[in-house]
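What's in target_6.txt: compact mmCIF, C-alpha atoms (C1' of nucleotides)
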# COMPACT_ATOMS: atom_id res chain seq x y z
CA MET J 77 108.42 97.53 58.73
CA SER J 78 105.66 96.02 60.82
CA ARG J 79 106.02 93.52 63.60
CA THR J 80 103.29 91.33 64.98
CA PHE J 81 102.94 90.73 68.69
CA GLU J 82 103.82 87.17 69.47
CA ARG J 83 103.07 84.90 72.34
CA GLY J 84 105.88 83.23 74.27
CA SER J 85 109.56 83.96 73.96
CA GLN J 86 112.68 82.35 72.62
CA ILE J 87 114.55 83.56 75.64
CA PHE J 88 112.30 83.70 78.69
CA GLU J 89 110.57 80.82 80.39
CA ASP J 90 109.10 82.98 83.19
CA GLU J 91 110.05 86.63 83.67
CA ARG J 92 108.71 86.98 87.21
CA PRO J 93 111.87 85.85 89.04
CA LEU J 94 113.71 88.77 87.44
CA THR J 95 111.37 91.44 88.79
CA ASP J 96 111.56 93.44 92.02
CA ASP J 97 108.57 91.94 93.76
CA TRP J 98 109.65 88.33 93.47
CA ASP J 99 109.96 86.58 96.83
CA PRO J 100 112.96 84.25 96.76
CA GLU J 101 112.47 80.82 98.32
CA GLU J 102 115.90 80.77 99.90
CA LEU J 103 118.61 83.25 100.82
CA PRO J 104 121.77 81.24 101.48
CA GLU J 105 123.94 84.34 100.95
CA ARG J 106 122.37 85.92 104.02
CA ASP J 107 122.83 83.03 106.45
CA GLY J 108 124.59 85.13 109.05
CA GLU J 109 122.04 87.94 109.09
CA LEU J 110 119.13 85.49 109.02
CA GLY J 111 120.68 83.78 112.03
CA HIS J 112 120.66 87.05 113.91
CA ILE J 113 117.05 87.67 113.00
CA HIS J 114 116.20 84.15 114.04
CA ASN J 115 117.73 84.61 117.49
CA ALA J 116 115.93 87.88 117.97
CA LEU J 117 112.56 86.38 117.04
CA ALA J 118 113.08 83.12 118.93
CA PRO J 119 111.67 84.29 122.32
CA ALA J 120 108.26 84.52 120.67
CA ILE J 121 108.17 80.75 120.16
CA ARG J 122 109.88 79.85 123.42
CA ASP J 123 106.84 81.45 125.03
CA THR J 124 108.61 81.98 128.30
CA GLY J 125 107.27 85.40 129.13
CA VAL J 126 109.26 87.64 126.80
CA GLY J 127 108.23 88.75 123.32
CA PRO J 128 110.45 88.92 120.26
CA HIS J 129 113.18 91.54 120.51
CA ASN J 130 112.86 94.88 118.81
CA MET J 131 115.14 95.05 115.82
CA PHE J 132 116.66 97.53 113.46
CA LEU J 133 117.91 96.31 110.09
CA PHE J 134 120.07 98.58 108.04
CA GLY J 135 122.07 98.28 104.85
CA LYS J 136 121.95 99.73 101.35
CA THR J 137 119.21 98.94 98.86
CA GLY J 138 119.10 95.53 97.24
CA GLN J 139 120.78 93.70 100.10
CA GLY J 140 117.88 91.41 100.98
CA LYS J 141 116.72 93.23 104.11
CA THR J 142 113.04 93.13 103.23
CA ALA J 143 113.23 89.68 101.68
CA GLY J 144 115.14 88.42 104.72
CA ILE J 145 112.67 89.63 107.29
CA GLU J 146 109.68 88.39 105.30
CA TYR J 147 111.35 85.02 104.97
CA LYS J 148 112.00 84.66 108.71
CA LEU J 149 108.56 85.94 109.69
CA GLU J 150 106.94 83.38 107.46
CA ASP J 151 109.01 80.72 109.20
CA LEU J 152 108.00 82.09 112.56
CA GLU J 153 104.30 82.12 111.75
CA LYS J 154 104.49 78.55 110.53
CA ALA J 155 106.25 77.49 113.72
CA ALA J 156 103.66 79.37 115.75
CA ASP J 157 100.85 77.52 114.00
CA ASP J 158 102.48 74.21 114.82
CA ALA J 159 103.00 75.20 118.44
CA GLY J 160 99.49 76.60 118.77
CA LEU J 161 100.76 80.10 119.52
CA ASP J 162 99.12 83.29 118.37
CA ILE J 163 101.66 85.38 116.45
CA THR J 164 100.71 88.09 113.95
CA SER J 165 103.03 90.24 111.90
CA ILE J 166 102.02 93.52 110.33
CA ASN J 167 104.13 94.52 107.35
CA TYR J 168 104.07 98.16 106.50
CA ASN J 169 106.09 100.21 104.04
CA CYS J 170 106.55 103.82 105.08
CA ALA J 171 107.41 105.12 101.61
CA GLY J 172 105.17 108.12 101.05
CA ASP J 173 104.66 108.84 104.75
CA SER J 174 106.61 111.79 106.05
CA SER J 175 105.91 111.48 109.77
CA SER J 176 104.94 109.12 112.59
CA TYR J 177 101.49 110.64 112.33
CA HIS J 178 100.98 109.47 108.74
CA VAL J 179 102.31 106.03 109.51
CA LEU J 180 99.96 105.58 112.46
CA ILE J 181 96.94 106.80 110.50
CA ASN J 182 97.62 104.34 107.74
CA LEU J 183 98.26 101.50 110.18
CA VAL J 184 94.98 102.22 111.96
CA GLU J 185 93.16 102.39 108.64
CA ARG J 186 94.62 99.07 107.65
CA LEU J 187 93.66 97.41 110.94
CA THR J 188 90.21 98.90 111.49
CA GLY J 189 89.17 100.37 108.16
CA ASP J 190 88.66 103.82 109.72
CA ASN J 191 90.56 106.80 108.41
CA LEU J 192 91.24 109.12 111.32
CA ASN J 193 93.07 111.80 109.39
CA GLY J 194 92.81 115.13 111.20
CA HIS J 195 92.29 113.68 114.65
CA PRO J 196 94.79 114.46 117.39
CA MET J 197 97.87 112.30 117.68
CA SER J 198 96.87 110.93 121.10
CA LYS J 199 93.55 109.63 119.82
CA ILE J 200 95.20 107.90 116.88
CA THR J 201 97.79 106.31 119.13
CA ASN J 202 95.03 104.99 121.43
CA GLU J 203 93.07 103.74 118.46
CA PHE J 204 96.15 101.92 117.19
CA PHE J 205 96.85 100.21 120.51
CA GLU J 206 93.23 99.22 120.82
CA ALA J 207 93.34 97.61 117.40
CA VAL J 208 96.54 95.80 118.33
CA SER J 209 95.00 94.63 121.60
CA ASP J 210 92.08 93.18 119.66
CA ILE J 211 94.52 91.05 117.70
CA GLY J 212 96.11 89.83 120.91
CA GLY J 213 98.92 87.32 121.40
CA THR J 214 102.26 88.40 119.95
CA VAL J 215 102.17 91.20 117.41
CA ILE J 216 105.20 92.25 115.38
CA VAL J 217 105.06 95.52 113.46
CA VAL J 218 107.54 95.74 110.58
CA LEU J 219 108.19 99.28 109.36
CA ASP J 220 110.04 99.18 106.07
CA GLU J 221 111.82 102.29 104.75
CA ILE J 222 111.29 103.83 108.15
CA ASP J 223 113.74 106.65 107.36
CA ASN J 224 110.90 108.42 105.52
CA ILE J 225 109.43 109.63 108.79
CA GLY J 226 112.46 111.88 109.28
CA THR J 227 112.89 113.24 112.76
CA SER J 228 109.33 112.67 113.93
CA ASP J 229 110.10 109.33 115.50
CA GLU J 230 107.44 109.08 118.25
CA ILE J 231 106.13 105.85 116.79
CA LEU J 232 109.47 104.16 117.35
CA TYR J 233 109.32 105.24 120.95
CA SER J 234 105.73 104.44 121.77
CA ILE J 235 105.51 100.92 120.33
CA PRO J 236 108.33 99.40 122.37
CA ARG J 237 107.01 101.15 125.49
CA ALA J 238 103.37 100.21 124.96
CA LYS J 239 103.27 97.52 127.61
CA SER J 240 105.03 99.45 130.34
CA ASN J 241 102.80 102.44 129.62
CA GLY J 242 99.70 100.28 129.97
CA ASN J 243 98.52 100.77 126.38
CA ILE J 244 98.15 97.05 125.78
CA PRO J 245 97.29 94.19 128.16
CA ASP J 246 100.07 92.54 130.12
CA SER J 247 99.28 89.19 128.56
CA MET J 248 100.39 90.18 125.06
CA HIS J 249 103.65 91.14 123.37
CA LEU J 250 104.24 93.94 120.89
CA SER J 251 107.54 94.47 119.08
CA VAL J 252 108.71 96.66 116.27
CA ILE J 253 111.20 95.98 113.50
CA GLY J 254 112.59 98.99 111.65
CA ILE J 255 114.22 98.67 108.24
CA SER J 256 116.24 101.47 106.72
CA ASN J 257 118.85 102.04 104.03
CA ASN J 258 119.74 105.43 105.40
CA PHE J 259 122.59 105.34 107.88
CA LYS J 260 122.16 108.96 108.83
CA PHE J 261 118.63 108.28 109.97
CA ARG J 262 119.90 105.91 112.60
CA ASP J 263 122.36 108.48 113.95
CA ASN J 264 119.76 111.25 114.04
CA LEU J 265 117.20 109.36 116.10
CA SER J 266 116.51 110.77 119.52
CA PRO J 267 118.44 109.10 122.35
CA LYS J 268 115.34 107.69 124.01
CA VAL J 269 114.39 105.92 120.81
CA LYS J 270 117.85 104.47 120.45
CA ASP J 271 117.59 103.16 124.00
CA THR J 272 114.31 101.39 123.51
CA LEU J 273 114.47 100.28 119.91
CA PHE J 274 117.92 98.92 119.44
CA ASP J 275 117.88 95.64 121.30
CA GLU J 276 119.26 94.21 118.09
CA GLU J 277 120.98 96.03 115.25
CA ILE J 278 121.58 93.92 112.20
CA HIS J 279 123.78 95.19 109.44
CA PHE J 280 123.44 93.90 105.86
CA ALA J 281 126.80 94.37 104.12
CA PRO J 282 126.90 94.68 100.31
CA TYR J 283 127.02 91.42 98.36
CA ASN J 284 130.30 90.50 96.72
CA ALA J 285 130.57 89.24 93.13
CA THR J 286 130.48 85.56 94.10
CA GLN J 287 127.33 85.96 96.15
CA LEU J 288 125.64 87.96 93.41
CA ARG J 289 126.54 85.24 90.97
CA SER J 290 124.80 82.49 92.90
CA ILE J 291 121.76 84.71 93.43
CA LEU J 292 121.58 85.37 89.69
CA GLU J 293 122.11 81.74 88.83
CA ARG J 294 119.20 80.64 90.97
CA ARG J 295 116.83 83.18 89.43
CA ALA J 296 118.11 82.67 85.91
CA ASP J 297 117.42 78.96 86.25
CA GLN J 298 113.72 79.68 86.63
CA ALA J 299 113.54 82.67 84.33
CA PHE J 300 115.42 81.69 81.20
CA LYS J 301 115.04 78.78 78.83
CA ASP J 302 117.78 76.20 79.03
CA GLY J 303 121.03 77.14 77.35
CA VAL J 304 120.10 80.62 76.13
CA LEU J 305 122.59 82.37 78.40
CA ASP J 306 126.14 82.73 77.20
CA GLU J 307 128.40 81.47 79.94
CA ASP J 308 129.89 84.91 80.62
CA VAL J 309 126.55 86.66 81.01
CA ILE J 310 125.88 85.98 84.68
CA PRO J 311 129.45 86.54 85.90
CA LEU J 312 129.52 89.83 84.01
CA CYS J 313 126.25 91.09 85.48
CA ALA J 314 127.44 90.06 88.95
CA ALA J 315 130.85 91.69 88.56
CA ASN J 316 129.35 94.94 87.26
CA ALA J 317 126.90 95.21 90.13
CA ALA J 318 129.47 94.20 92.75
CA GLN J 319 131.84 96.91 91.59
CA ASP J 320 129.12 99.50 91.84
CA LYS J 321 126.74 99.09 94.78
CA GLY J 322 126.81 95.37 95.52
CA SER J 323 123.06 95.37 95.07
CA ALA J 324 121.18 92.26 93.98
CA ARG J 325 118.44 94.43 92.54
CA GLN J 326 120.93 96.15 90.27
CA ALA J 327 122.48 92.86 89.14
CA LEU J 328 119.03 91.51 88.33
CA ARG J 329 118.19 94.59 86.33
CA TYR J 330 121.29 94.12 84.19
CA LEU J 331 120.38 90.51 83.61
CA TYR J 332 116.72 91.20 82.87
CA LYS J 333 117.48 94.05 80.49
CA ALA J 334 120.10 91.98 78.68
CA GLY J 335 117.49 89.26 78.23
CA GLU J 336 114.96 91.74 76.94
CA LEU J 337 117.42 93.20 74.45
CA ALA J 338 118.15 89.75 73.12
CA SER J 339 114.47 88.85 73.01
CA ASN J 340 113.40 92.06 71.28
CA THR J 341 115.96 91.72 68.53
CA GLY J 342 115.04 88.11 67.92
CA ASN J 343 118.34 86.69 69.10
CA GLU J 344 118.44 83.12 70.30
CA MET J 345 121.18 83.71 72.84
CA VAL J 346 121.88 86.37 75.45
CA THR J 347 125.48 87.46 74.98
CA GLU J 348 128.11 89.53 76.70
CA ASP J 349 127.32 92.31 74.26
CA HIS J 350 123.71 92.41 75.39
CA VAL J 351 124.89 92.80 78.98
CA ARG J 352 127.18 95.64 78.02
CA ARG J 353 124.39 97.47 76.24
CA ALA J 354 121.92 96.76 79.05
CA ARG J 355 124.36 98.18 81.53
CA GLU J 356 124.91 101.33 79.51
CA ARG J 357 121.20 101.99 79.27
CA ILE J 358 120.49 101.34 82.92
CA ASP J 359 123.45 103.34 84.18
CA ARG J 360 122.56 106.25 81.98
CA LYS J 361 118.97 106.21 83.20
CA ASN J 362 120.22 106.20 86.78
CA ILE J 363 122.61 109.10 86.27
CA GLU J 364 119.92 111.01 84.39
CA LYS J 365 117.43 110.54 87.17
CA GLY J 366 119.97 111.47 89.81
CA ILE J 367 120.99 114.67 88.05
CA ARG J 368 117.44 115.73 87.29
CA GLU J 369 116.50 115.43 90.95
CA MET J 370 119.47 117.48 92.15
CA THR J 371 119.20 121.10 93.23
CA LEU J 372 120.82 123.69 90.98
CA GLN J 373 123.65 124.10 93.51
CA ASP J 374 124.35 120.37 93.37
CA GLN J 375 124.32 120.44 89.59
CA MET J 376 126.77 123.32 89.46
CA SER J 377 129.05 121.60 91.94
CA LEU J 378 128.96 118.53 89.74
CA THR J 379 129.67 120.63 86.65
CA ALA J 380 132.76 122.00 88.39
CA VAL J 381 134.05 118.46 88.98
CA VAL J 382 133.22 117.55 85.38
CA ALA J 383 135.11 120.62 84.14
CA LEU J 384 138.30 119.73 85.98
CA GLU J 385 137.94 116.08 85.03
CA VAL J 386 137.71 117.06 81.35
CA GLU J 387 140.93 119.01 81.74
CA GLY J 388 142.56 116.07 83.41
CA SER J 389 143.21 117.95 86.64
CA THR J 390 141.33 115.63 88.97
CA PRO J 391 141.48 114.58 91.75
CA ALA J 392 141.05 118.22 92.67
CA LYS J 393 140.98 119.99 96.01
CA THR J 394 138.01 121.94 97.31
CA THR J 395 139.63 125.31 96.63
CA GLU J 396 140.35 124.48 93.00
CA LEU J 397 136.78 123.35 92.52
CA TYR J 398 135.48 126.47 94.21
CA ALA J 399 137.20 128.72 91.67
CA ARG J 400 135.61 126.78 88.83
CA TYR J 401 132.27 126.65 90.55
CA LYS J 402 132.20 130.44 90.81
CA ASP J 403 132.86 130.77 87.06
CA ILE J 404 130.00 128.42 86.33
CA ALA J 405 127.58 130.16 88.66
CA ARG J 406 128.46 133.54 87.17
CA GLU J 407 128.00 132.20 83.64
CA ILE J 408 124.43 131.11 84.28
CA ASN J 409 123.56 133.93 86.70
CA ALA J 410 123.00 131.71 89.69
CA ASP J 411 123.70 132.54 93.34
CA ILE J 412 127.27 131.96 94.43
CA ARG J 413 127.50 130.13 97.73
CA THR J 414 130.46 130.03 100.08
CA GLN J 415 133.26 127.51 99.88
CA ARG J 416 132.00 125.91 103.06
CA SER J 417 128.69 125.30 101.35
CA LEU J 418 130.28 123.93 98.20
CA ARG J 419 132.16 121.41 100.30
CA ASP J 420 128.90 120.13 101.73
CA HIS J 421 127.45 119.82 98.24
CA LEU J 422 130.47 117.92 97.02
CA LEU J 423 130.28 115.53 99.96
CA GLU J 424 126.58 115.12 99.23
CA LEU J 425 127.47 114.16 95.64
CA ASP J 426 129.89 111.65 97.06
CA LEU J 427 127.09 110.08 99.10
CA MET J 428 125.01 109.81 95.94
CA GLY J 429 127.91 108.04 94.30
CA VAL J 430 128.25 110.54 91.44
CA VAL J 431 131.66 111.81 92.50
CA ASP J 432 134.36 110.24 94.62
CA ALA J 433 135.63 112.11 97.68
CA THR J 434 138.86 110.99 99.30
CA LYS J 435 140.18 112.45 102.49
CA LYS J 436 143.92 113.02 102.53
CA GLN J 437 146.15 113.86 105.44
CA THR J 438 149.15 114.91 103.39
CA GLY J 439 149.68 117.82 101.02
CA ASN J 440 152.22 120.59 100.72
CA ARG J 441 150.62 122.44 103.61
CA GLY J 442 149.63 119.45 105.71
CA GLY J 443 146.38 119.04 107.57
CA PRO J 444 143.30 117.17 106.40
CA HIS J 445 141.74 117.94 103.04
CA TYR J 446 139.55 116.31 100.44
CA VAL J 447 140.19 115.55 96.82
CA PHE J 448 137.30 114.97 94.44
CA GLU J 449 136.97 113.19 91.11
CA MET J 450 134.19 111.72 88.98
CA ALA J 451 132.76 108.37 90.01
CA SER J 452 130.15 107.97 87.29
CA ASP J 453 130.92 107.90 83.59
CA LEU J 454 132.31 111.25 82.45
CA GLY J 455 130.94 111.11 78.90
CA MET J 456 127.40 110.28 80.02
CA THR J 457 127.42 112.90 82.76
CA LEU J 458 128.68 115.54 80.36
CA ASP J 459 125.98 114.59 77.87
CA ILE J 460 123.20 114.79 80.41
CA LEU J 461 124.39 118.07 81.90
CA SER J 462 124.67 119.74 78.52
CA GLU J 463 121.06 118.80 77.75
CA ASP J 464 119.96 120.83 80.75
CA SER J 465 118.35 124.08 79.66
CA ARG J 466 120.11 126.22 82.22
CA LEU J 467 123.42 124.45 82.72
CA GLY J 468 123.92 123.75 79.06
CA ASP J 469 125.72 127.05 78.44
CA ALA J 470 128.10 126.53 81.32
CA VAL J 471 128.88 123.03 80.13
CA GLU J 472 129.57 124.37 76.68
CA LEU J 473 132.03 126.82 78.19
CA VAL J 474 133.72 123.95 79.98
CA THR J 475 134.16 121.93 76.82
CA THR J 476 135.24 124.96 74.81
CA ASN J 477 137.96 125.55 77.36
CA ARG J 478 139.18 122.08 76.65
CA SER J 479 139.37 122.62 72.91
CA ILE J 480 141.32 125.84 73.42
CA GLU J 481 143.75 124.00 75.64
CA GLU J 482 144.11 121.20 73.17
CA TYR J 483 144.75 123.78 70.52
CA LEU J 484 147.46 125.39 72.61
CA ASP J 485 149.07 122.03 73.19
C1' DG O 131 160.31 121.37 118.32
C1' DA O 132 157.85 125.58 117.72
C1' DT O 133 155.29 127.85 114.38
C1' DC O 134 152.82 128.16 110.09
C1' DC O 135 149.26 127.23 106.88
C1' DA O 136 145.41 125.31 104.11
C1' DC O 137 141.89 122.94 105.06
C1' DT O 138 138.29 120.52 107.91
C1' DG O 139 134.16 119.96 110.89
C1' DG O 140 130.96 121.59 113.97
C1' DA O 141 128.08 125.16 116.05
C1' DA O 142 125.24 129.10 116.05
C1' DG O 143 122.50 132.11 113.86
C1' DA O 144 120.19 134.11 109.47
C1' DT O 145 116.92 133.54 105.86
C1' DA O 146 113.41 131.71 103.00
C1' DA O 147 109.64 128.72 101.98
C1' DG O 148 105.78 125.93 103.10
C1' DG O 149 102.02 124.52 106.22
C1' DA O 150 98.92 124.90 109.93
C1' DA O 151 96.48 127.68 113.10
C1' DT O 152 94.02 131.68 114.09
C1' DA A 281 95.00 137.72 105.60
C1' DT A 282 98.20 137.28 109.21
C1' DT A 283 100.88 135.01 112.50
C1' DC A 284 103.29 131.21 114.08
C1' DC A 285 105.98 126.89 113.54
C1' DT A 286 108.90 123.86 111.20
C1' DT A 287 112.31 122.56 108.06
C1' DA A 288 115.90 123.13 104.94
C1' DT A 289 119.70 125.57 103.35
C1' DC A 290 123.34 128.93 103.86
C1' DT A 291 126.67 131.94 106.05
C1' DT A 292 129.81 133.16 109.53
C1' DC A 293 132.99 131.98 112.78
C1' DC A 294 136.57 129.41 114.81
C1' DA A 295 139.05 125.68 117.13
C1' DG A 296 141.41 121.59 115.52
C1' DT A 297 144.68 118.91 112.41
C1' DG A 298 149.08 117.54 111.06
C1' DG A 299 152.75 117.80 107.45
C1' DA A 300 155.85 121.59 105.96
C1' DT A 301 159.00 125.07 107.17
C1' DC A 302 162.16 127.48 109.75
Could I get this file's structure written as structure tokens?
Amino acid sequence: MSRTFERGSQIFEDERPLTDDWDPEELPERDGELGHIHNALAPAIRDTGVGPHNMFLFGKTGQGKTAGIEYKLEDLEKAADDAGLDITSINYNCAGDSSSYHVLINLVERLTGDNLNGHPMSKITNEFFEAVSDIGGTVIVVLDEIDNIGTSDEILYSIPRAKSNGNIPDSMHLSVIGISNNFKFRDNLSPKVKDTLFDEEIHFAPYNATQLRSILERRADQAFKDGVLDEDVIPLCAANAAQDKGSARQALRYLYKAGELASNTGNEMVTEDHVRRARERIDRKNIEKGIREMTLQDQMSLTAVVALEVEGSTPAKTTELYARYKDIAREINADIRTQRSLRDHLLELDLMGVVDATKKQTGNRGGPHYVFEMASDLGMTLDILSEDSRLGDAVELVTTNRSIEEYLD
DNA sequence: GATCCACTGGAAGATAAGGAAT
DNA sequence: ATTCCTTATCTTCCAGTGGATC
């Protein structure tokens, strides 16, 4: 069977609004947060001696943090033009930089064209402030995904203090806006950075199903041809994403994939069934990626949860999981860690969203303890784990145990 | 209501691996 | 090649928690 490539689509009018790098024209679902940002930026336009406040935006991925700040900065620059004020924003994404040093080098390269890699930190810092001084007026540095710099947070300290340290002229303003989806990063920052940086902390809470629905509707309007979406398609995508992470990005992926499935198979309508299949594929990809990137210890911990889940004995306590974990580690000849360590791994898996950890205060012996169970799809997880070259044997053992038990029943 | 117990959470120190400096 | 530094990951240890038990 041979297919010819065809121009145009029965389904899509314009696919761009469904992709990650689309800049939305409005964000009504984020009115509250945008209001906060507005207030924090407002001093720049008032021009009464103070620059815009430093800000820290945090919230999980796909909550409109980046889109929100870009949206307000655009507003601000327009207002500055009208008012004849000199305001410049520098947008920088720290993904791929592992320290303040890297970030500064790349910022300097972007501003001056010189790559100063290898030079001492102090020279690079000076070079950066000189470049900023050349721009003059009000300069706002936006550092997206700032958590990548880990604990080397000098840059977050030096930018807010630039004026009082005499690095830039008194006549100008320099502020920094940090964006992060990692809550731990915020807690681990050094106290002096917290002092200087957090004039404003703005939290982006996950979208609920209704909000996701209106976001999807707006994008779908532009992306799809009229009337090709079954009426349940958008609510289903929204509900699925809301239940999981509350991420707009995720909801859009479901919708886009569903559209592609319909388009590729020559259907004229996108149906609920397409959404279901799109979701299965995307979720499986996500779980696969997550598991592949785990350390062996994480994978074995997960296998232990899977094993007990298969037997129907979840939610299970740490001790029960530890016994199973030891069996698994022995089976594949891996190092056996302590129970304390396993607990940390299990809690780590909880953060990733693969398993669910619940803290209980009751129990036949009292005192606090955790119970763990699977959060992601058991069948898919089992499938993916058993494909692993090393863990496969252990997984087989787990499933064989089940068949023996079923036999005994 | 004192004591017990299974578990937690945090700290301190050990160990290994990777990178930079010498 | 060797030494030093940093970072990540574990282990060991132990006080703290709070319902169960006597």
- Task: Select residues of chain A: the criterion is any atom within 8 Å of an atom of chain J, counting all atoms listed in the file; output as JSON, numbers by chain.
- Result: {"A": [290, 291, 297, 298, 299, 300]}
Near chain J, 12 Å: chain O residue rows, closest pairs, all atoms listed in the file, as JSON lines:
{"residue": "O:DC134", "atom": "C1'", "partner": "J:Arg441", "partner_atom": "CA", "distance": 8.9}
{"residue": "O:DC135", "atom": "C1'", "partner": "J:Arg441", "partner_atom": "CA", "distance": 6.0}
{"residue": "O:DA136", "atom": "C1'", "partner": "J:Arg441", "partner_atom": "CA", "distance": 6.0}
{"residue": "O:DC137", "atom": "C1'", "partner": "J:His445", "partner_atom": "CA", "distance": 5.4}
{"residue": "O:DT138", "atom": "C1'", "partner": "J:Pro444", "partner_atom": "CA", "distance": 6.2}
{"residue": "O:DG139", "atom": "C1'", "partner": "J:Arg416", "partner_atom": "CA", "distance": 10.1}
{"residue": "O:DG140", "atom": "C1'", "partner": "J:Arg416", "partner_atom": "CA", "distance": 11.8}
{"residue": "O:DA150", "atom": "C1'", "partner": "J:Gly194", "partner_atom": "CA", "distance": 11.6}
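Taking atom CA of Asn243 of chain J and atom CA of Phe205 of chain J as endpoints, the distance between them is 6.1 Å.
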Between atom CA of Phe204 of chain J and atom CA of Asn257 of chain J lies a distance of 26.2 Å
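Atom pair atom CA of Leu152 of chain J / atom CA of Ile200 of chain J has a distance of 29.1 Å (rounded to one decimal).
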*Shell of 12 Å around DT283 of chain A, all atoms listed in the file, local chain residues under 2 positions omitted, as a PyMOL selection string*: (chain O and resi 150-152) or (chain A and resi 281+285)
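Minimum atom-to-atom distance to DG143 of chain O, evaluated using all atoms listed in the file, belongs to A:DT292 out of A:DC302, A:DT287, A:DT292, A:DT282.
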For segment 300-310 of chain J, please output as a compact mmCIF listing (two decimals) with C-alpha atoms, in the coordinates of the input all residues within 6 Å (counting all atoms listed in the file; exclusion window: fewer than 4 positions along the same chain).
# COMPACT_ATOMS: atom_id res chain seq x y z
CA ILE J 87 114.55 83.56 75.64
CA PHE J 88 112.30 83.70 78.69
CA GLU J 89 110.57 80.82 80.39
CA ALA J 296 118.11 82.67 85.91
CA MET J 345 121.18 83.71 72.84
CA VAL J 346 121.88 86.37 75.45
CA THR J 347 125.48 87.46 74.98
CA GLU J 348 128.11 89.53 76.70
Segment 203-210 of chain J: axis-aligned bounding box, 6 Å on each side, centre and edge lengths in Å, one decimal, as JSON:
{"center_x": 94.5, "center_y": 98.5, "center_z": 119.4, "size_x": 16.8, "size_y": 22.6, "size_z": 16.4}
Find the residues near Arg400 of chain J: any atom within 8 Å, counting only C-alpha atoms (C1' of nucleotides), skip ones fewer than 3 places away on the same chain, and give them as a ChimeraX atom specification.
/J:380,383,396-397,403-404
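For Arg294 of chain J, the list of residues within 12 Å, based on all atoms listed in the file and with local chain neighbours fewer than 6 positions off taken out, reads Pro93, Leu94, Pro100, Glu101, Glu102, Leu103, Pro104, Glu105, Gln287, Leu288, Phe300, Ile310 and Leu328 of chain J.
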Could segment 85-96 of chain J be completed with N, CA and C atoms and written as a short mmCIF file (atom, residue, chain, number, x, y, z; two decimals), keeping the file's coordinate frame, please?
data_model
loop_
_atom_site.label_atom_id
_atom_site.label_comp_id
_atom_site.auth_asym_id
_atom_site.auth_seq_id
_atom_site.Cartn_x
_atom_site.Cartn_y
_atom_site.Cartn_z
N SER J 85 108.28 83.33 74.24
CA SER J 85 109.56 83.96 73.96
C SER J 85 110.60 82.88 73.73
N GLN J 86 111.55 83.26 72.88
CA GLN J 86 112.68 82.35 72.62
C GLN J 86 113.59 82.27 73.83
N ILE J 87 113.56 83.36 74.59
CA ILE J 87 114.55 83.56 75.64
C ILE J 87 114.00 83.23 77.03
N PHE J 88 112.83 83.83 77.34
CA PHE J 88 112.30 83.70 78.69
C PHE J 88 111.37 82.51 78.85
N GLU J 89 111.51 81.86 80.00
CA GLU J 89 110.57 80.82 80.39
C GLU J 89 109.51 81.48 81.26
N ASP J 90 109.98 82.32 82.21
CA ASP J 90 109.10 82.98 83.19
C ASP J 90 109.83 84.22 83.68
N GLU J 91 109.30 85.39 83.37
CA GLU J 91 110.05 86.63 83.67
C GLU J 91 109.92 87.06 85.12
N ARG J 92 108.97 86.50 85.84
CA ARG J 92 108.71 86.98 87.21
C ARG J 92 109.92 86.94 88.14
N PRO J 93 110.73 85.88 88.10
CA PRO J 93 111.87 85.85 89.04
C PRO J 93 112.86 86.99 88.82
N LEU J 94 112.75 87.69 87.71
CA LEU J 94 113.71 88.77 87.44
C LEU J 94 113.18 90.12 87.90
N THR J 95 111.95 90.15 88.40
CA THR J 95 111.37 91.44 88.79
C THR J 95 111.59 91.72 90.27
N ASP J 96 111.30 92.97 90.65
CA ASP J 96 111.56 93.44 92.02
C ASP J 96 110.71 92.73 93.07
#
